[in-house]
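S.K.: Below is final-v7.txt; it holds compact mmCIF, C-alpha atoms.
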# COMPACT_ATOMS: atom_id res chain seq x y z
CA MET V 3 -4.36 -57.02 -0.74
CA LYS V 4 -6.70 -55.04 -2.98
CA LYS V 5 -9.64 -57.26 -3.87
CA TYR V 6 -12.87 -55.29 -4.37
CA VAL V 7 -14.54 -53.67 -7.39
CA LEU V 8 -16.94 -50.83 -6.66
CA ALA V 9 -19.76 -50.49 -9.22
CA ILE V 10 -21.76 -47.25 -9.54
CA ASN V 11 -25.01 -46.76 -11.47
CA PRO V 12 -26.49 -43.24 -11.12
CA GLY V 13 -30.18 -42.67 -11.74
CA SER V 14 -32.20 -39.47 -11.81
CA THR V 15 -32.97 -39.48 -8.07
CA SER V 16 -30.79 -42.31 -6.75
CA THR V 17 -27.35 -43.84 -7.07
CA LYS V 18 -27.08 -47.62 -7.04
CA VAL V 19 -23.83 -48.97 -5.64
CA ALA V 20 -22.41 -52.46 -5.21
CA VAL V 21 -19.14 -54.04 -4.11
CA PHE V 22 -17.87 -57.28 -5.61
CA ASN V 23 -15.07 -59.68 -4.75
CA GLN V 24 -14.47 -61.19 -8.20
CA ASN V 25 -17.95 -62.46 -9.18
CA GLU V 26 -19.28 -62.57 -5.63
CA LEU V 27 -21.56 -59.74 -4.55
CA VAL V 28 -20.37 -58.45 -1.17
CA THR V 29 -23.00 -55.74 -0.62
CA LYS V 30 -25.25 -53.40 -2.58
CA HIS V 31 -27.47 -50.42 -1.88
CA SER V 32 -29.56 -47.74 -3.56
CA ILE V 33 -28.78 -44.28 -2.20
CA ASP V 34 -31.83 -42.03 -2.58
CA HIS V 35 -31.40 -38.30 -3.25
CA SER V 36 -34.06 -35.74 -2.40
CA THR V 37 -35.29 -33.30 -5.02
CA LYS V 38 -34.18 -30.49 -2.73
CA ASP V 39 -30.60 -31.79 -2.65
CA LEU V 40 -30.39 -32.16 -6.43
CA GLU V 41 -32.04 -28.82 -7.23
CA ALA V 42 -29.03 -27.10 -5.68
CA TYR V 43 -26.98 -27.97 -8.78
CA GLU V 44 -27.29 -26.16 -12.11
CA SER V 45 -26.30 -29.12 -14.28
CA MET V 46 -26.21 -32.88 -13.99
CA ALA V 47 -22.39 -32.89 -14.05
CA ASP V 48 -22.31 -30.52 -11.05
CA GLN V 49 -23.87 -33.26 -8.91
CA TYR V 50 -20.93 -35.64 -8.99
CA PRO V 51 -19.02 -34.33 -5.90
CA PHE V 52 -22.25 -34.55 -3.88
CA ARG V 53 -23.02 -38.08 -5.09
CA LYS V 54 -19.41 -39.12 -4.54
CA LYS V 55 -19.66 -37.96 -0.91
CA THR V 56 -22.79 -40.07 -0.33
CA ILE V 57 -21.02 -43.15 -1.76
CA LEU V 58 -17.98 -42.67 0.45
CA GLN V 59 -20.28 -42.33 3.47
CA TRP V 60 -22.05 -45.58 2.51
CA LEU V 61 -18.74 -47.43 2.16
CA LYS V 62 -17.73 -46.21 5.61
CA GLU V 63 -21.01 -47.43 7.09
CA GLU V 64 -20.41 -50.83 5.46
CA GLY V 65 -16.95 -51.02 7.02
CA LEU V 66 -15.23 -51.00 3.62
CA GLU V 67 -12.06 -49.01 3.04
CA LEU V 68 -10.97 -47.36 -0.19
CA LYS V 69 -7.52 -48.92 0.10
CA ASP V 70 -9.14 -52.32 -0.46
CA LEU V 71 -10.56 -51.35 -3.87
CA LYS V 72 -8.73 -52.50 -7.00
CA ALA V 73 -10.99 -50.69 -9.46
CA VAL V 74 -14.12 -48.54 -9.73
CA VAL V 75 -16.57 -48.97 -12.60
CA GLY V 76 -19.43 -46.63 -13.49
CA ARG V 77 -22.38 -46.72 -15.83
CA GLY V 78 -21.43 -45.11 -19.13
CA GLY V 79 -23.27 -42.05 -20.39
CA LEU V 80 -24.25 -40.19 -23.54
CA LEU V 81 -20.78 -40.00 -25.03
CA ARG V 82 -19.75 -39.87 -28.69
CA PRO V 83 -20.79 -42.90 -30.78
CA MET V 84 -18.35 -45.64 -29.82
CA PRO V 85 -17.69 -49.37 -30.11
CA GLY V 86 -18.71 -51.54 -27.19
CA GLY V 87 -16.31 -52.71 -24.52
CA THR V 88 -14.74 -51.68 -21.23
CA TYR V 89 -13.18 -48.22 -21.34
CA LYS V 90 -10.70 -46.50 -19.09
CA VAL V 91 -12.07 -43.17 -17.91
CA THR V 92 -9.66 -40.65 -19.43
CA GLU V 93 -9.54 -36.85 -19.32
CA ALA V 94 -11.07 -36.66 -22.79
CA MET V 95 -13.96 -38.86 -21.68
CA GLU V 96 -14.42 -36.76 -18.53
CA GLU V 97 -14.77 -33.62 -20.64
CA ASP V 98 -17.47 -35.16 -22.83
CA LEU V 99 -19.31 -36.49 -19.77
CA LYS V 100 -19.25 -33.06 -18.14
CA VAL V 101 -20.65 -31.23 -21.17
CA GLY V 102 -23.10 -34.05 -22.01
CA TYR V 103 -21.94 -34.62 -25.57
CA GLN V 104 -25.23 -36.25 -26.66
CA GLY V 105 -27.32 -34.75 -23.88
CA GLU V 106 -27.61 -34.55 -20.12
CA HIS V 107 -28.41 -37.83 -18.40
CA ALA V 108 -27.77 -39.28 -14.95
CA SER V 109 -25.63 -42.04 -16.48
CA ASN V 110 -23.10 -39.35 -17.44
CA LEU V 111 -22.21 -39.19 -13.75
CA GLY V 112 -21.06 -42.82 -13.61
CA GLY V 113 -17.66 -42.28 -15.18
CA LEU V 114 -17.11 -38.97 -13.38
CA ILE V 115 -17.74 -40.42 -9.92
CA ALA V 116 -15.74 -43.57 -10.70
CA LYS V 117 -12.74 -41.49 -11.76
CA ALA V 118 -12.95 -39.18 -8.73
CA ILE V 119 -12.96 -42.10 -6.29
CA ALA V 120 -10.37 -44.15 -8.18
CA ASP V 121 -7.92 -41.24 -8.37
CA GLU V 122 -7.76 -41.08 -4.57
CA GLN V 123 -6.23 -44.58 -4.57
CA SER V 124 -4.40 -44.45 -7.91
CA ILE V 125 -6.48 -47.35 -9.21
CA PRO V 126 -8.23 -47.62 -12.60
CA ALA V 127 -11.71 -46.27 -13.32
CA TYR V 128 -13.85 -47.80 -16.08
CA ILE V 129 -17.17 -47.59 -17.83
CA VAL V 130 -18.76 -50.53 -19.67
CA ASP V 131 -20.93 -50.63 -22.81
CA PRO V 132 -22.69 -47.26 -22.46
CA VAL V 133 -25.92 -46.28 -24.20
CA ALA V 134 -23.72 -44.51 -26.77
CA VAL V 135 -22.40 -47.83 -28.13
CA ASP V 136 -22.65 -47.65 -31.92
CA GLU V 137 -21.48 -50.63 -33.98
CA PHE V 138 -24.02 -50.32 -36.78
CA THR V 139 -23.25 -51.30 -40.33
CA GLU V 140 -23.67 -48.39 -42.74
CA GLU V 141 -26.69 -50.09 -44.32
CA ALA V 142 -28.40 -50.14 -40.92
CA ARG V 143 -28.27 -46.34 -40.68
CA ILE V 144 -30.39 -45.78 -43.78
CA SER V 145 -34.02 -45.02 -42.90
CA GLY V 146 -35.64 -44.53 -46.29
CA MET V 147 -35.78 -40.75 -45.86
CA PRO V 148 -32.53 -38.78 -46.33
CA GLN V 149 -33.51 -36.29 -43.63
CA ILE V 150 -33.66 -39.05 -41.00
CA LYS V 151 -30.86 -41.40 -40.03
CA ARG V 152 -31.43 -44.53 -37.96
CA ARG V 153 -29.58 -44.22 -34.65
CA SER V 154 -27.90 -46.79 -32.46
CA LEU V 155 -29.64 -46.47 -29.09
CA GLY V 156 -30.41 -49.53 -27.02
CA HIS V 157 -29.73 -51.61 -23.94
CA ALA V 158 -26.09 -52.33 -24.87
CA LEU V 159 -24.89 -53.09 -21.32
CA ASN V 160 -27.38 -55.88 -20.68
CA ILE V 161 -27.37 -57.15 -24.27
CA LYS V 162 -23.61 -57.68 -24.21
CA ALA V 163 -23.62 -59.06 -20.65
CA VAL V 164 -26.14 -61.80 -21.49
CA GLY V 165 -24.33 -62.39 -24.77
CA HIS V 166 -21.23 -63.34 -22.78
CA ARG V 167 -23.35 -65.71 -20.65
CA ALA V 168 -24.87 -67.44 -23.67
CA ALA V 169 -21.46 -67.80 -25.34
CA GLU V 170 -20.09 -69.40 -22.18
CA GLU V 171 -22.97 -71.90 -22.18
CA LEU V 172 -22.17 -72.64 -25.82
CA GLY V 173 -18.56 -73.30 -24.83
CA LYS V 174 -17.25 -70.42 -26.92
CA GLY V 175 -16.03 -66.86 -26.54
CA PHE V 176 -18.41 -63.93 -27.02
CA ASN V 177 -16.39 -62.89 -30.08
CA GLU V 178 -16.88 -66.34 -31.64
CA VAL V 179 -20.69 -66.55 -31.71
CA ASN V 180 -23.62 -65.03 -33.58
CA LEU V 181 -26.63 -64.19 -31.41
CA VAL V 182 -29.97 -62.45 -31.59
CA VAL V 183 -30.59 -60.78 -28.24
CA ALA V 184 -34.01 -59.45 -27.24
CA HIS V 185 -34.06 -57.13 -24.23
CA LEU V 186 -37.66 -57.14 -23.00
CA GLY V 187 -38.44 -54.36 -20.55
CA GLY V 188 -40.41 -51.11 -20.50
CA GLY V 189 -38.90 -50.74 -23.95
CA ILE V 190 -37.91 -53.63 -26.22
CA SER V 191 -34.59 -53.78 -28.08
CA VAL V 192 -33.80 -56.66 -30.44
CA ALA V 193 -30.24 -56.83 -31.73
CA PRO V 194 -28.28 -59.10 -34.06
CA VAL V 195 -24.84 -59.59 -32.48
CA ARG V 196 -22.13 -60.93 -34.77
CA LYS V 197 -18.97 -62.02 -32.97
CA GLY V 198 -19.44 -59.44 -30.22
CA ARG V 199 -20.61 -56.57 -32.43
CA ILE V 200 -24.15 -55.17 -32.35
CA LEU V 201 -24.88 -54.74 -36.05
CA ASP V 202 -28.36 -53.24 -35.76
CA TYR V 203 -31.16 -52.36 -33.31
CA ASN V 204 -34.72 -51.43 -33.38
CA ASN V 205 -34.64 -48.15 -31.43
CA ALA V 206 -36.94 -49.10 -28.54
CA ASN V 207 -38.38 -45.57 -28.41
CA GLU V 208 -39.42 -45.46 -32.04
CA MET V 209 -39.40 -48.82 -33.79
CA GLY V 210 -39.87 -52.54 -33.41
CA PRO V 211 -42.42 -54.36 -31.23
CA PHE V 212 -44.79 -52.50 -28.96
CA SER V 213 -43.92 -52.91 -25.30
CA PRO V 214 -45.55 -52.36 -21.90
CA GLU V 215 -45.44 -48.57 -22.36
CA ARG V 216 -44.22 -47.79 -25.90
CA THR V 217 -45.93 -48.12 -29.28
CA GLY V 218 -42.94 -49.37 -31.26
CA GLY V 219 -43.26 -48.94 -35.03
CA LEU V 220 -46.57 -47.55 -36.31
CA PRO V 221 -48.28 -47.14 -39.69
CA VAL V 222 -46.71 -43.79 -40.57
CA GLY V 223 -49.55 -42.55 -42.76
CA ASP V 224 -52.07 -42.83 -39.95
CA LEU V 225 -49.59 -41.29 -37.51
CA VAL V 226 -49.09 -38.28 -39.80
CA LYS V 227 -52.87 -37.81 -39.98
CA MET V 228 -53.04 -37.81 -36.18
CA CYS V 229 -50.24 -35.23 -36.00
CA PHE V 230 -52.13 -32.80 -38.25
CA SER V 231 -55.65 -33.56 -37.05
CA GLY V 232 -55.61 -30.69 -34.56
CA ARG V 233 -56.72 -33.04 -31.79
CA TYR V 234 -53.29 -33.56 -30.20
CA ASP V 235 -50.42 -31.31 -29.25
CA HIS V 236 -46.75 -32.35 -29.44
CA LYS V 237 -46.46 -33.21 -25.73
CA THR V 238 -49.59 -35.39 -25.78
CA LEU V 239 -48.48 -37.33 -28.85
CA LYS V 240 -45.02 -37.92 -27.38
CA SER V 241 -46.56 -39.37 -24.22
CA MET V 242 -48.85 -41.59 -26.32
CA LEU V 243 -45.81 -42.95 -28.16
CA ARG V 244 -43.63 -43.40 -25.13
CA GLY V 245 -45.02 -43.81 -21.63
CA LYS V 246 -48.69 -44.38 -22.42
CA GLY V 247 -48.40 -46.65 -25.47
CA GLY V 248 -48.35 -50.42 -25.84
CA LEU V 249 -49.95 -52.50 -23.10
CA SER V 250 -50.71 -49.33 -21.16
CA ALA V 251 -52.77 -47.88 -24.03
CA TYR V 252 -54.74 -51.06 -24.67
CA LEU V 253 -55.17 -52.43 -21.17
CA GLY V 254 -54.56 -49.55 -18.77
CA THR V 255 -51.41 -50.96 -17.19
CA ASN V 256 -47.72 -51.21 -18.06
CA ASP V 257 -47.25 -54.12 -15.65
CA ALA V 258 -46.93 -57.31 -17.69
CA ARG V 259 -47.64 -59.35 -14.54
CA GLN V 260 -51.06 -57.75 -14.21
CA VAL V 261 -51.77 -58.42 -17.88
CA GLU V 262 -50.77 -62.06 -17.51
CA ASN V 263 -53.07 -62.39 -14.49
CA LYS V 264 -55.91 -61.10 -16.65
CA VAL V 265 -55.03 -63.64 -19.34
CA ASN V 266 -55.01 -66.47 -16.81
CA ALA V 267 -58.40 -65.29 -15.53
CA GLY V 268 -59.86 -65.70 -19.03
CA ASP V 269 -59.80 -62.08 -20.24
CA GLN V 270 -59.84 -62.53 -24.03
CA GLU V 271 -58.95 -58.94 -24.87
CA ALA V 272 -55.90 -59.11 -22.60
CA LYS V 273 -54.92 -62.40 -24.24
CA LEU V 274 -55.18 -60.91 -27.73
CA ILE V 275 -52.99 -57.90 -26.85
CA TYR V 276 -50.44 -59.92 -24.87
CA ASP V 277 -50.22 -62.52 -27.61
CA ALA V 278 -49.80 -59.73 -30.18
CA MET V 279 -46.84 -58.32 -28.25
CA GLY V 280 -45.23 -61.77 -28.20
CA TYR V 281 -45.95 -62.15 -31.91
CA GLN V 282 -44.28 -58.82 -32.70
CA ILE V 283 -41.23 -59.70 -30.58
CA ALA V 284 -40.86 -63.03 -32.38
CA LYS V 285 -41.27 -61.32 -35.76
CA GLU V 286 -38.50 -58.82 -34.90
CA ILE V 287 -36.21 -61.67 -33.81
CA GLY V 288 -36.81 -63.36 -37.14
CA ALA V 289 -36.00 -60.15 -38.99
CA MET V 290 -32.74 -59.71 -37.09
CA ALA V 291 -31.77 -63.32 -37.81
CA THR V 292 -31.65 -62.35 -41.48
CA VAL V 293 -28.96 -59.78 -40.68
CA LEU V 294 -26.84 -62.76 -39.58
CA HIS V 295 -27.74 -64.64 -42.80
CA GLY V 296 -29.46 -67.24 -40.65
CA GLU V 297 -26.15 -68.21 -39.03
CA VAL V 298 -27.48 -67.99 -35.48
CA ASP V 299 -25.79 -69.83 -32.61
CA GLY V 300 -28.40 -68.73 -30.10
CA ILE V 301 -31.31 -66.44 -29.31
CA VAL V 302 -31.30 -64.73 -25.91
CA LEU V 303 -34.46 -63.47 -24.21
CA THR V 304 -33.73 -61.17 -21.28
CA GLY V 305 -35.16 -58.26 -19.28
CA GLY V 306 -38.02 -58.07 -16.82
CA ILE V 307 -40.67 -59.52 -19.14
CA ALA V 308 -38.55 -62.66 -19.57
CA HIS V 309 -39.93 -63.70 -16.17
CA SER V 310 -43.22 -64.46 -17.96
CA ASP V 311 -43.26 -68.18 -18.77
CA TYR V 312 -46.44 -67.68 -20.80
CA LEU V 313 -44.86 -65.12 -23.10
CA MET V 314 -41.54 -66.97 -23.32
CA ASP V 315 -43.33 -70.14 -24.42
CA LEU V 316 -45.31 -68.20 -27.03
CA ILE V 317 -42.15 -66.60 -28.44
CA LYS V 318 -40.26 -69.91 -28.43
CA ASP V 319 -43.04 -71.51 -30.47
CA HIS V 320 -42.33 -68.96 -33.20
CA ILE V 321 -38.52 -68.84 -33.13
CA SER V 322 -37.10 -72.15 -31.90
CA PHE V 323 -36.48 -73.27 -35.49
CA ILE V 324 -33.91 -70.46 -35.85
CA GLY V 325 -31.56 -71.61 -33.09
CA ARG V 326 -31.11 -72.55 -29.45
CA VAL V 327 -33.05 -70.25 -27.10
CA PHE V 328 -31.60 -68.94 -23.83
CA VAL V 329 -33.81 -67.20 -21.26
CA TYR V 330 -32.12 -64.94 -18.71
CA PRO V 331 -34.90 -63.11 -16.84
CA GLY V 332 -34.35 -59.64 -15.43
CA GLU V 333 -31.36 -57.40 -15.86
CA ASP V 334 -28.52 -56.93 -13.41
CA GLU V 335 -26.66 -53.82 -14.43
CA MET V 336 -24.40 -53.90 -11.38
CA LYS V 337 -23.30 -57.44 -12.18
CA ALA V 338 -22.77 -56.47 -15.83
CA LEU V 339 -20.59 -53.51 -14.82
CA ASN V 340 -18.49 -55.72 -12.54
CA GLU V 341 -18.11 -58.40 -15.22
CA GLY V 342 -16.92 -55.79 -17.72
CA ALA V 343 -14.29 -54.54 -15.28
CA LEU V 344 -13.18 -58.07 -14.43
CA ARG V 345 -12.67 -59.00 -18.08
CA VAL V 346 -10.03 -56.27 -18.24
CA LEU V 347 -8.56 -56.83 -14.78
CA ASN V 348 -8.24 -60.58 -15.47
CA ASP V 349 -6.63 -59.95 -18.88
CA GLU V 350 -9.52 -61.59 -20.74
CA GLU V 351 -10.16 -58.42 -22.73
CA GLU V 352 -8.10 -55.36 -23.63
CA VAL V 353 -9.18 -52.07 -22.11
CA LYS V 354 -10.26 -49.46 -24.66
CA ILE V 355 -9.17 -45.83 -24.76
CA TYR V 356 -11.99 -43.44 -25.59
CA GLU V 357 -10.07 -40.91 -27.69
CA LYS V 358 -8.61 -43.71 -29.81
CA GLU V 359 -12.02 -45.23 -30.55
CA VAL V 360 -14.16 -42.16 -31.34
CA LYS V 361 -14.02 -39.15 -33.65
CA MET V 362 -12.76 -36.31 -31.48
CA ASN V 363 -12.71 -33.58 -34.12
CA ASP V 364 -16.43 -33.10 -34.68
Please rewrite the model in this file as structure tokens.
M.R.:
Amino acid sequence: MKKYVLAINPGSTSTKVAVFNQNELVTKHSIDHSTKDLEAYESMADQYPFRKKTILQWLKEEGLELKDLKAVVGRGGLLRPMPGGTYKVTEAMEEDLKVGYQGEHASNLGGLIAKAIADEQSIPAYIVDPVAVDEFTEEARISGMPQIKRRSLGHALNIKAVGHRAAEELGKGFNEVNLVVAHLGGGISVAPVRKGRILDYNNANEMGPFSPERTGGLPVGDLVKMCFSGRYDHKTLKSMLRGKGGLSAYLGTNDARQVENKVNAGDQEAKLIYDAMGYQIAKEIGAMATVLHGEVDGIVLTGGIAHSDYLMDLIKDHISFIGRVFVYPGEDEMKALNEGALRVLNDEEEVKIYEKEVKMND
């Protein structure tokens, strides 16, 4: 009897894999790829037969047979803007993943590898809530400058996964609740989620709270002056905004645990900066609650920084009046992929077809 779901999450130099029996994790592994191996391929899409081979070898070593799989699910990539959900990997989706419709990225390989393995057993291949999820209202796209449109880019997979968890704790379906979800990692995304739909985001690369390594939103006048001061080139400024911003810029580390240790040791500068990050996160949550007209069933704090009790308590002090607060530390993308596949396999959710959900003629 077929009973396993294989989940695949490709990264730039590794491929994470996991096997589940319903919600139970059977085994997982991160397959590392050498730079030499990957340099042999001209494009990201060209890597998928090689990565597929390494996954099949790992399954063999684990004593797992393909005939025991009931589905394969991969991390979704930079596809056309699309509603969230679990999607069947179709030929049209494969084509967009191969060309990198919104750019080349390792996550584009997830659906390609899933389909290649699944086809060998005539079982379904899925992706779940890719980065390309776009459920914005039209108002949310307006930036204030006609030449720039606000884009929907965020941690959709984890935001929706923890949204399902919070809804379950509330005794309701995900499509019945209004939530504000704050994904707190190297970048910070805060999203108002109305009945399963992500209405807005702060793009973690460009807006919202500063984070361990990103500046978030900045006073644009001062930023423009820096751009034309002659002191910085484009590459340097980009790294200051993303990679060397936030906690890293102020305190020399992007590790929130190290910052918290400094706070606990009495470092007042570290406390000011760490408290300011918590303040900005809380302020963004409050702003997103207005998108839901204050009708908030719960606020979810998730991601790696949610392990910090100090910061969670600080944020709760600011936001607990808005609604019940749920804290789900860390992010488990493999679990989220499996849960998305199971919702379809268990007939809890209808599978989506890519070419029916996106604009294919542009």
S.K.: For V:His35, list every protein, DNA or RNA residue within 10 Å, evaluated using only C-alpha atoms, and leave out those in the same chain fewer than 4 positions away; present the list as a PyMOL selection string.
M.R.: chain V and resi 13-17+39-40+52-53+56
S.K.: Since we have the selection now, will you write its residues out, keeping C-alpha atoms, as a CSV table (one decimal), keeping the file's coordinate frame?
M.R.:
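Result file follows (selection_37.csv):
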chain,number,residue,atom,x,y,z
V,13,GLY,CA,-30.2,-42.7,-11.7
V,14,SER,CA,-32.2,-39.5,-11.8
V,15,THR,CA,-33.0,-39.5,-8.1
V,16,SER,CA,-30.8,-42.3,-6.8
V,17,THR,CA,-27.4,-43.8,-7.1
V,39,ASP,CA,-30.6,-31.8,-2.6
V,40,LEU,CA,-30.4,-32.2,-6.4
V,52,PHE,CA,-22.2,-34.6,-3.9
V,53,ARG,CA,-23.0,-38.1,-5.1
V,56,THR,CA,-22.8,-40.1,-0.3
S.K.: Considering only C-alpha atoms, return as number ranges by chain whatever protein or nucleic-acid residues lie within 6 Å of stretch 68-84 of chain V, sequence-local ones (same chain, fewer than 2 positions apart) excluded.
M.R.: V: 4-11, 103-104, 109-110, 112-113, 116, 120, 125-129, 132, 134-136, 360
S.K.: From the set V:Ala278, V:Ala142, V:Val19, V:Leu111, which residue has the shortest atom-to-atom contact distance to V:Asp48, counting only C-alpha atoms?
M.R.: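 Of V:Ala278, V:Ala142, V:Val19, V:Leu111, the one nearest V:Asp48, counting only C-alpha atoms, is V:Leu111.
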S.K.: Using all atoms listed in the file, which of V:Lys162, V:Lys318, V:Lys30, V:Lys246 sits nearest V:Gly218?
M.R.: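 Of V:Lys162, V:Lys318, V:Lys30, V:Lys246, the one nearest V:Gly218, counting all atoms listed in the file, is V:Lys246.
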S.K.: Please compute the atom CA of V:Lys55-atom CA of V:Ala118 distance, one decimal, in Å.
M.R.: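 It comes out at 10.4 Å.
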S.K.: At a cut-off of 12 Å, can you tabulate as a tab-separated table every residue of stretch 137-253 of chain V near stretch 327-349 of chain V together with its closest atom pair and the distance in Å to one decimal, using all atoms listed in the file and ordering rows by chain then number?
M.R.:
residue	atom	partner	partner_atom	distance
V:His157	CA	V:Glu333	CA	10.1
V:Ala158	CA	V:Ala338	CA	10.5
V:Leu159	CA	V:Ala338	CA	6.8
V:Asn160	CA	V:Glu333	CA	6.4
V:Ile161	CA	V:Glu333	CA	9.3
V:Lys162	CA	V:Ala338	CA	8.5
V:Ala163	CA	V:Ala338	CA	5.5
V:Val164	CA	V:Tyr330	CA	7.3
V:Gly165	CA	V:Phe328	CA	9.8
V:His166	CA	V:Glu341	CA	9.6
V:Arg167	CA	V:Tyr330	CA	9.0
V:Ala168	CA	V:Phe328	CA	6.9
V:Ala169	CA	V:Phe328	CA	10.3
V:Glu170	CA	V:Phe328	CA	11.6
V:Glu171	CA	V:Phe328	CA	9.3
V:Leu172	CA	V:Phe328	CA	10.3
V:Phe176	CA	V:Arg345	CA	11.7
V:Leu181	CA	V:Val327	CA	9.8
V:Val182	CA	V:Val327	CA	9.5
V:Val183	CA	V:Phe328	CA	9.3
V:Ala184	CA	V:Val329	CA	9.8
V:His185	CA	V:Glu333	CA	8.8
V:Leu186	CA	V:Gly332	CA	8.6
V:Gly187	CA	V:Gly332	CA	8.4
V:Gly188	CA	V:Gly332	CA	11.6
S.K.: What are the closest atom pairs, with distances in Å to one decimal, for each residue of stretch 179-245 of chain V lying within 12 Å of stretch 284-304 of chain V, using only C-alpha atoms, rows by chain and rising residue number, as a Markdown table?
M.R.:
| residue | atom | partner | partner_atom | distance |
| --- | --- | --- | --- | --- |
| V:Val179 | CA | V:Asp299 | CA | 6.1 |
| V:Asn180 | CA | V:Val298 | CA | 5.2 |
| V:Leu181 | CA | V:Gly300 | CA | 5.0 |
| V:Val182 | CA | V:Ile301 | CA | 4.8 |
| V:Val183 | CA | V:Val302 | CA | 4.6 |
| V:Ala184 | CA | V:Leu303 | CA | 5.1 |
| V:His185 | CA | V:Thr304 | CA | 5.0 |
| V:Leu186 | CA | V:Thr304 | CA | 5.9 |
| V:Gly187 | CA | V:Thr304 | CA | 8.3 |
| V:Gly189 | CA | V:Thr304 | CA | 11.9 |
| V:Ile190 | CA | V:Thr304 | CA | 9.9 |
| V:Ser191 | CA | V:Glu286 | CA | 9.3 |
| V:Val192 | CA | V:Ile287 | CA | 6.5 |
| V:Ala193 | CA | V:Met290 | CA | 6.6 |
| V:Pro194 | CA | V:Met290 | CA | 5.4 |
| V:Val195 | CA | V:Leu294 | CA | 8.0 |
| V:Arg196 | CA | V:Leu294 | CA | 7.0 |
| V:Lys197 | CA | V:Leu294 | CA | 10.3 |
| V:Arg199 | CA | V:Leu294 | CA | 11.3 |
| V:Ile200 | CA | V:Val293 | CA | 10.7 |
| V:Leu201 | CA | V:Val293 | CA | 8.0 |
| V:Asp202 | CA | V:Met290 | CA | 7.9 |
| V:Tyr203 | CA | V:Met290 | CA | 8.4 |
| V:Asn204 | CA | V:Glu286 | CA | 8.4 |
| V:Asn205 | CA | V:Glu286 | CA | 11.9 |
| V:Ala206 | CA | V:Glu286 | CA | 11.7 |
| V:Met209 | CA | V:Glu286 | CA | 10.1 |
| V:Gly210 | CA | V:Glu286 | CA | 6.6 |
| V:Pro211 | CA | V:Glu286 | CA | 7.0 |
| V:Phe212 | CA | V:Glu286 | CA | 10.7 |
| V:Gly218 | CA | V:Glu286 | CA | 11.1 |
| V:Gly219 | CA | V:Glu286 | CA | 11.0 |
S.K.: At what distance in Å, to one decimal, does atom CA of V:Val130 lie from atom CA of V:Gly86?
M.R.: 7.6 Å
S.K.: How many Å lie between atom CA of V:Ile355 and atom CA of V:Thr88, rounded to one decimal?
M.R.: 8.8 Å
S.K.: Please identify all polymer residues within 10 Å of V:Glu93, counting all atoms listed in the file, omitting same-chain residues fewer than 4 positions from it, and present them as an NGL selection string.
M.R.: :V and (97-99 or 114 or 117 or 356-357)
